[in-house]
Structures are given as structure tokens and as C-alpha cells.
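First comes the structure, then the notes that go with it.
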Amino acid sequence: MKRPLAIIIRVALTVSITFFLAYFLVRTYQDRRPIDYQEHLDEKVFTVDGEDLSLRDIAFYVIYEEYNVEKDAMVYNPKNTRDYWNVHTNGHFLSVLAKEAVQGMAIHDHIFYREAVKNNMVLTEEEKKRLDNSRTDFWEDLFESQKENLIAPEEDINRTMYEIALSEKYQEALAAKEGKTYHSLDWNGTDFEEIKNSHDIKVNNRMWNRINLGNITLVHGPADFTPYINREDE
């Protein structure tokens, strides 16, 4: 009687292990396969002190970082800009480092923006004018593919740029108050690290792992010099 029972147990264990392995593989595939970003704009990506940041909230950083890395890619290999994104440096692919920058900047600016609001900071008329100029430059400089593949409405991106301007104002005030340099309080600065560690930060890896930076607003191929030609002298 014991042998049939042992067989049944082994079969049950085998089926269970197979089931959980298949489930794990399916979930892993689902978590990493490409997504339609516009359909997931309101999906939570990060949580800072209990407040969720959605893909809509970090869209500016995605566009900004793709633009800046792609500019370097145009120099690295004008015939195929994709090559640069796959360069391996300091133990990481550039695409991974760029993604880390998006995360770092978004969390940094959100923390400082909230501090600016808490301290009743507002932009002066002069600062508003500088923000307007920054917005104009940003939209004019984007690659044509980025303008065609925006992952969030223009008003959302402009809102983020306002929040960044206010966070920068707070950063300047904090640097002056504590006798620190402005750049030491950047997202990757030594003095900001201590501030960051005092906040409760969570990453929604199911969403974050599916964000394929370098292939969101860009169309790779021959270098696109459109933003640099046929522009009026400034």
C-alpha cells in the first residue's frame, strides 16, 4: 500500500513544480514584454513617501534622457544610432545607465518639489519667463520621431517642467542655507544621498522592468540631424 501512495505523492509534487515553474515563466515574460506606453500612462512606477508617481508623471524624464543619449549616439555611429545604446561601460549597458538617470531625476525632483511647496515657494515673473524659454527650447529641439511618439500629452510634460523649475529653486535655497554646492544636491550628488535615504521610496518593478528606455520615443537608424538644421540663429 505504501508504494502507490509514494508514487501519487511524487506525481503530485512533479505536477506542482511544473505548474509553478510555468507560472513563473509566464509572469516573467509578461513583466518584461513591451507595452503600449500610452495605455499605461497612469500605472504606478515609483512611490515616494506614500505618493505614487505614474508613467505620466515621469514621461518628461524618459523623453529628456532619450534625447540626450541619442545626441551622443549620433556622434558615436551616425549610420546606426542603436549601437551606442548597447555600449558596455563601467559594468553596465548605456541603456541601463540612462534608465537609472530617469529614476534618479524623477525621485529627486519630486522630493524637492514637495519641499518647495511645503515652504510656500513660488516662481517669480523672471523665473516664469525662463521656464517658458526652457519649454520652447525643449519642444523645438526634440527629434521628429520623438514629437510623433510622445508618450504623454504636452500639458503633462509642461506641468512636470514647472515642478522641476520649482524643485531647482528649492535646491538653490537649500545649498545656500546649508553651505553646500548646488551640484552636490543633484540626484547623483553625495549630499542628496543622505536626503534620499530619509525618504520612503519604492519601485514598482512589474512596471519599471517593462520600460525599455532607448526604444520609446526614438526610431533608430541613420542619425537625425533635423533639430540642428534650418534653425534661425539665436
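Residue numbers start at 1 in each chain; chains themselves are named A, B, ... in the order of the C-alpha cells; ligands are numbered from 1 in the order shown.
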
Near range 132-143 of chain A, within 7 Å and counting only C-alpha atoms, which residues show up once chain neighbours fewer than 6 positions away are dropped, as a ChimeraX atom specification?
-> /A:67,226-227

Can you write out the residues you just picked, keeping all heavy atoms, as a compact mmCIF listing (two decimals), in the first residue's frame?
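Written file, part_37.txt:
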```txt
# COMPACT_ATOMS: atom_id res chain seq x y z
N TYR A 67 16.53 61.81 -25.57
CA TYR A 67 17.06 62.84 -26.45
C TYR A 67 18.56 63.04 -26.23
O TYR A 67 19.34 63.08 -27.18
CB TYR A 67 16.31 64.16 -26.21
CG TYR A 67 16.95 65.35 -26.89
CD1 TYR A 67 16.81 65.55 -28.26
CD2 TYR A 67 17.71 66.25 -26.16
CE1 TYR A 67 17.41 66.63 -28.89
CE2 TYR A 67 18.32 67.34 -26.78
CZ TYR A 67 18.17 67.52 -28.14
OH TYR A 67 18.78 68.59 -28.75
N THR A 226 17.89 66.70 -37.90
CA THR A 226 16.82 67.68 -38.11
C THR A 226 16.82 68.79 -37.07
O THR A 226 16.63 69.96 -37.43
CB THR A 226 15.45 66.98 -38.11
OG1 THR A 226 15.45 65.95 -39.10
CG2 THR A 226 14.33 67.97 -38.41
N PRO A 227 17.00 68.48 -35.76
CA PRO A 227 16.94 69.58 -34.80
C PRO A 227 18.07 70.61 -34.95
O PRO A 227 17.99 71.68 -34.37
CB PRO A 227 17.09 68.86 -33.44
CG PRO A 227 16.73 67.44 -33.72
CD PRO A 227 17.19 67.19 -35.11
```

With a distance cut-off of 12 Å and only C-alpha atoms, select the neighbouring residues of range 73-89 of chain A, excluding the residue or stretch itself and same-chain residues fewer than 2 positions from it, and output the selection as a VMD selection string.
-> chain A and resid 65 to 71 91 to 99 143 212 to 215 218 to 226 228

Please produce a file of those selected residues containing N, CA, C and O atoms, as a compact mmCIF listing (two decimals), in the first residue's frame.
```txt
# COMPACT_ATOMS: atom_id res chain seq x y z
N GLU A 65 15.89 62.10 -21.38
CA GLU A 65 17.08 61.25 -21.36
C GLU A 65 17.29 60.56 -22.70
O GLU A 65 18.44 60.44 -23.16
N GLU A 66 16.23 60.15 -23.36
CA GLU A 66 16.38 59.56 -24.69
C GLU A 66 16.97 60.57 -25.67
O GLU A 66 17.81 60.21 -26.50
N TYR A 67 16.53 61.81 -25.57
CA TYR A 67 17.06 62.84 -26.45
C TYR A 67 18.56 63.04 -26.23
O TYR A 67 19.34 63.08 -27.18
N ASN A 68 18.97 63.16 -24.98
CA ASN A 68 20.38 63.45 -24.69
C ASN A 68 21.30 62.29 -25.05
O ASN A 68 22.40 62.51 -25.58
N VAL A 69 20.89 61.08 -24.78
CA VAL A 69 21.72 59.93 -25.14
C VAL A 69 21.78 59.77 -26.66
O VAL A 69 22.83 59.46 -27.23
N GLU A 70 20.66 60.02 -27.32
CA GLU A 70 20.64 59.88 -28.77
C GLU A 70 21.55 60.91 -29.44
O GLU A 70 22.14 60.62 -30.50
N LYS A 71 21.71 62.09 -28.85
CA LYS A 71 22.64 63.07 -29.41
C LYS A 71 24.06 62.50 -29.43
O LYS A 71 24.79 62.66 -30.42
N GLY A 91 30.63 48.30 -16.34
CA GLY A 91 29.84 47.14 -15.93
C GLY A 91 28.37 47.20 -16.29
O GLY A 91 27.60 46.33 -15.90
N HIS A 92 27.96 48.23 -17.05
CA HIS A 92 26.55 48.37 -17.41
C HIS A 92 26.41 48.82 -18.85
O HIS A 92 27.28 49.51 -19.39
N PHE A 93 25.28 48.45 -19.47
CA PHE A 93 24.96 48.99 -20.78
C PHE A 93 24.50 50.44 -20.60
O PHE A 93 23.90 50.80 -19.59
N LEU A 94 24.78 51.28 -21.61
CA LEU A 94 24.38 52.68 -21.52
C LEU A 94 22.87 52.83 -21.37
O LEU A 94 22.40 53.75 -20.70
N SER A 95 22.13 51.93 -21.97
CA SER A 95 20.67 51.99 -21.84
C SER A 95 20.24 51.81 -20.39
O SER A 95 19.28 52.43 -19.93
N VAL A 96 20.97 50.97 -19.65
CA VAL A 96 20.67 50.75 -18.23
C VAL A 96 21.03 51.98 -17.42
O VAL A 96 20.28 52.41 -16.53
N LEU A 97 22.20 52.57 -17.71
CA LEU A 97 22.62 53.77 -17.00
C LEU A 97 21.65 54.93 -17.26
O LEU A 97 21.36 55.71 -16.35
N ALA A 98 21.16 55.03 -18.48
CA ALA A 98 20.20 56.08 -18.82
C ALA A 98 18.90 55.88 -18.05
O ALA A 98 18.28 56.84 -17.57
N LYS A 99 18.51 54.64 -17.89
CA LYS A 99 17.28 54.33 -17.14
C LYS A 99 17.45 54.66 -15.67
O LYS A 99 16.52 55.16 -15.02
N PHE A 143 13.76 65.39 -31.49
CA PHE A 143 13.81 64.73 -32.79
C PHE A 143 12.38 64.55 -33.31
O PHE A 143 11.43 64.44 -32.52
N ASN A 212 11.33 50.14 -21.67
CA ASN A 212 12.52 49.85 -22.48
C ASN A 212 13.13 51.15 -22.99
O ASN A 212 12.90 51.56 -24.13
N LEU A 213 13.91 51.79 -22.13
CA LEU A 213 14.47 53.10 -22.48
C LEU A 213 15.39 52.99 -23.70
O LEU A 213 16.19 52.08 -23.81
N GLY A 214 15.26 53.95 -24.60
CA GLY A 214 16.02 53.94 -25.84
C GLY A 214 15.17 53.54 -27.02
O GLY A 214 15.52 53.77 -28.18
N ASN A 215 14.00 52.95 -26.71
CA ASN A 215 13.11 52.49 -27.77
C ASN A 215 11.67 52.93 -27.53
O ASN A 215 10.73 52.27 -27.96
N LEU A 218 12.13 57.04 -29.66
CA LEU A 218 13.12 57.11 -30.73
C LEU A 218 12.90 56.04 -31.79
O LEU A 218 12.41 54.95 -31.50
N VAL A 219 13.28 56.37 -33.01
CA VAL A 219 13.34 55.40 -34.11
C VAL A 219 14.78 55.38 -34.57
O VAL A 219 15.28 56.36 -35.14
N HIS A 220 15.48 54.29 -34.29
CA HIS A 220 16.91 54.24 -34.57
C HIS A 220 17.19 53.99 -36.05
O HIS A 220 16.37 53.42 -36.77
N GLY A 221 18.37 54.41 -36.44
CA GLY A 221 18.79 54.26 -37.83
C GLY A 221 19.85 55.31 -38.08
O GLY A 221 20.59 55.68 -37.18
N PRO A 222 19.93 55.84 -39.31
CA PRO A 222 20.89 56.93 -39.58
C PRO A 222 20.60 58.11 -38.68
O PRO A 222 19.46 58.38 -38.32
N ALA A 223 21.64 58.84 -38.29
CA ALA A 223 21.50 59.97 -37.39
C ALA A 223 20.51 60.99 -37.95
O ALA A 223 20.50 61.29 -39.14
N ASP A 224 19.67 61.51 -37.07
CA ASP A 224 18.68 62.51 -37.44
C ASP A 224 19.17 63.88 -37.00
O ASP A 224 19.11 64.23 -35.83
N PHE A 225 19.66 64.66 -37.96
CA PHE A 225 20.20 65.97 -37.64
C PHE A 225 19.15 67.08 -37.78
O PHE A 225 19.48 68.26 -37.75
N THR A 226 17.89 66.70 -37.90
CA THR A 226 16.82 67.68 -38.11
C THR A 226 16.82 68.79 -37.07
O THR A 226 16.63 69.96 -37.43
N TYR A 228 19.07 70.31 -35.75
CA TYR A 228 20.25 71.17 -35.81
C TYR A 228 20.36 71.95 -37.14
O TYR A 228 21.31 72.71 -37.33
```

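Interatomic distance, CA of Ala152 in chain A against CA of Ala59 in chain A: 6.3 Å.
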
Rows by chain and residue number, range 100-167 of chain A within 12 Å of range 200-210 of chain A, shortest pair, only C-alpha atoms, as a Markdown table:
```
| residue | atom | partner | partner_atom | distance |
| --- | --- | --- | --- | --- |
| A:Glu100 | CA | A:Trp208 | CA | 10.7 |
| A:Val102 | CA | A:Trp208 | CA | 10.9 |
| A:Gln103 | CA | A:Val203 | CA | 9.2 |
| A:Gly104 | CA | A:Ile201 | CA | 11.1 |
| A:Ala106 | CA | A:Ile201 | CA | 11.6 |
| A:Ile107 | CA | A:Ile201 | CA | 8.3 |
| A:His108 | CA | A:Ile201 | CA | 10.8 |
| A:His110 | CA | A:Ile201 | CA | 11.2 |
| A:Ile111 | CA | A:Ile201 | CA | 10.2 |
```

Go ahead and save the residues from that selection, with all heavy atoms, as a short mmCIF file (atom, residue, chain, number, x, y, z; two decimals), in the first residue's frame.
```
data_model
loop_
_atom_site.label_atom_id
_atom_site.label_comp_id
_atom_site.auth_asym_id
_atom_site.auth_seq_id
_atom_site.Cartn_x
_atom_site.Cartn_y
_atom_site.Cartn_z
N GLU A 100 18.63 54.42 -15.14
CA GLU A 100 18.91 54.78 -13.75
C GLU A 100 18.84 56.31 -13.57
O GLU A 100 18.38 56.79 -12.52
CB GLU A 100 20.30 54.28 -13.34
CG GLU A 100 20.38 52.77 -13.20
CD GLU A 100 21.79 52.29 -12.86
OE1 GLU A 100 22.71 53.15 -12.84
OE2 GLU A 100 21.97 51.08 -12.64
N VAL A 102 16.88 58.34 -15.28
CA VAL A 102 15.46 58.70 -15.28
C VAL A 102 14.87 58.50 -13.89
O VAL A 102 14.19 59.38 -13.36
CB VAL A 102 14.69 57.84 -16.31
CG1 VAL A 102 13.18 58.00 -16.12
CG2 VAL A 102 15.08 58.23 -17.73
N GLN A 103 15.16 57.36 -13.30
CA GLN A 103 14.66 57.08 -11.95
C GLN A 103 15.20 58.08 -10.95
O GLN A 103 14.45 58.64 -10.14
CB GLN A 103 15.05 55.66 -11.53
CG GLN A 103 14.62 55.31 -10.10
CD GLN A 103 14.99 53.88 -9.73
OE1 GLN A 103 15.05 53.00 -10.58
NE2 GLN A 103 15.23 53.64 -8.46
N GLY A 104 16.51 58.32 -11.01
CA GLY A 104 17.13 59.23 -10.06
C GLY A 104 16.59 60.64 -10.16
O GLY A 104 16.28 61.28 -9.13
N ALA A 106 13.71 61.71 -11.49
CA ALA A 106 12.28 61.80 -11.16
C ALA A 106 12.05 61.81 -9.66
O ALA A 106 11.27 62.62 -9.14
CB ALA A 106 11.53 60.64 -11.81
N ILE A 107 12.74 60.95 -8.94
CA ILE A 107 12.59 60.87 -7.49
C ILE A 107 13.17 62.12 -6.82
O ILE A 107 12.57 62.71 -5.91
CB ILE A 107 13.24 59.59 -6.95
CG1 ILE A 107 12.44 58.36 -7.42
CG2 ILE A 107 13.35 59.62 -5.43
CD1 ILE A 107 13.08 57.03 -7.10
N HIS A 108 14.35 62.53 -7.26
CA HIS A 108 15.00 63.74 -6.72
C HIS A 108 14.09 64.95 -6.86
O HIS A 108 13.85 65.69 -5.90
CB HIS A 108 16.31 63.96 -7.47
CG HIS A 108 16.94 65.30 -7.24
ND1 HIS A 108 16.54 66.45 -7.91
CD2 HIS A 108 17.97 65.69 -6.44
CE1 HIS A 108 17.27 67.47 -7.53
NE2 HIS A 108 18.15 67.04 -6.63
N HIS A 110 10.90 65.16 -7.41
CA HIS A 110 9.63 65.06 -6.68
C HIS A 110 9.85 65.42 -5.21
O HIS A 110 9.04 66.16 -4.62
CB HIS A 110 9.06 63.65 -6.79
CG HIS A 110 7.76 63.49 -6.06
ND1 HIS A 110 6.57 63.99 -6.55
CD2 HIS A 110 7.46 62.93 -4.85
CE1 HIS A 110 5.59 63.74 -5.70
NE2 HIS A 110 6.10 63.10 -4.66
N ILE A 111 10.92 64.92 -4.62
CA ILE A 111 11.23 65.22 -3.22
C ILE A 111 11.42 66.72 -3.02
O ILE A 111 10.84 67.33 -2.11
CB ILE A 111 12.48 64.45 -2.76
CG1 ILE A 111 12.17 62.94 -2.66
CG2 ILE A 111 12.97 64.97 -1.41
CD1 ILE A 111 13.38 62.08 -2.37
#
```

Shortest interatomic distance to Tyr61 in chain A - which of A:Glu168, A:Thr190, A:Ile216, A:Lys118, counting only C-alpha atoms | A:Ile216

Separating CA of Lys44 in chain A from CA of Asn119 in chain A, to the nearest tenth of an Å, is a gap of 26.6 Å

Would you mind reading off the distance between CA of Lys128 in chain A and CA of Glu178 in chain A, one decimal, in Å?
-> 25.8 Å

Near Asp42 in chain A, within 8 Å and counting only C-alpha atoms, which residues show up once chain neighbours fewer than 4 positions away are dropped, as a list in words?
-> Ser54, Leu55 and Arg56 of chain A

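Between Trp187 in chain A and the candidates A:Ala165, A:Leu150, A:Met105, A:Ala116, the tightest atom-to-atom separation, counting only C-alpha atoms, involves A:Met105.
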
Can you pull out every residue within 12 Å of Glu127 in chain A, counting only C-alpha atoms, but drop anything in the same chain fewer than 2 positions away, and send it as a compact mmCIF listing (two decimals) with N, CA and C atoms, in the first residue's frame?
```txt
# COMPACT_ATOMS: atom_id res chain seq x y z
N MET A 121 7.07 78.11 -1.64
CA MET A 121 7.85 78.72 -2.71
C MET A 121 7.02 78.86 -3.99
N VAL A 122 7.23 79.95 -4.69
CA VAL A 122 6.59 80.16 -5.99
C VAL A 122 7.63 80.75 -6.93
N LEU A 123 7.36 80.65 -8.22
CA LEU A 123 8.27 81.23 -9.21
C LEU A 123 8.00 82.72 -9.37
N THR A 124 9.06 83.48 -9.48
CA THR A 124 8.92 84.91 -9.77
C THR A 124 8.58 85.08 -11.25
N GLU A 125 8.23 86.29 -11.64
CA GLU A 125 7.90 86.54 -13.04
C GLU A 125 9.11 86.25 -13.93
N LYS A 129 9.46 83.38 -16.92
CA LYS A 129 9.93 83.65 -18.28
C LYS A 129 11.02 82.65 -18.68
N ARG A 130 11.93 82.37 -17.75
CA ARG A 130 12.99 81.40 -18.04
C ARG A 130 12.39 80.02 -18.27
N LEU A 131 11.36 79.69 -17.51
CA LEU A 131 10.68 78.40 -17.71
C LEU A 131 10.04 78.34 -19.09
N ASP A 132 9.40 79.43 -19.49
CA ASP A 132 8.78 79.47 -20.83
C ASP A 132 9.84 79.27 -21.92
N ASN A 133 11.01 79.90 -21.74
CA ASN A 133 12.09 79.73 -22.72
C ASN A 133 12.60 78.30 -22.74
N SER A 134 12.70 77.69 -21.58
CA SER A 134 13.16 76.31 -21.49
C SER A 134 12.18 75.36 -22.18
N TYR A 162 7.38 72.58 -14.95
CA TYR A 162 7.12 73.59 -13.91
C TYR A 162 7.59 73.06 -12.55
N ILE A 164 9.85 70.87 -11.98
CA ILE A 164 11.31 70.83 -11.97
C ILE A 164 11.87 72.22 -11.66
N ALA A 165 11.28 73.25 -12.27
CA ALA A 165 11.75 74.62 -12.02
C ALA A 165 11.62 74.97 -10.55
N LEU A 166 10.54 74.54 -9.92
CA LEU A 166 10.34 74.83 -8.50
C LEU A 166 11.29 74.01 -7.64
N GLU A 168 14.25 73.05 -8.53
CA GLU A 168 15.57 73.66 -8.69
C GLU A 168 15.71 74.90 -7.80
N LYS A 169 14.62 75.64 -7.66
CA LYS A 169 14.64 76.82 -6.79
C LYS A 169 14.87 76.39 -5.35
```
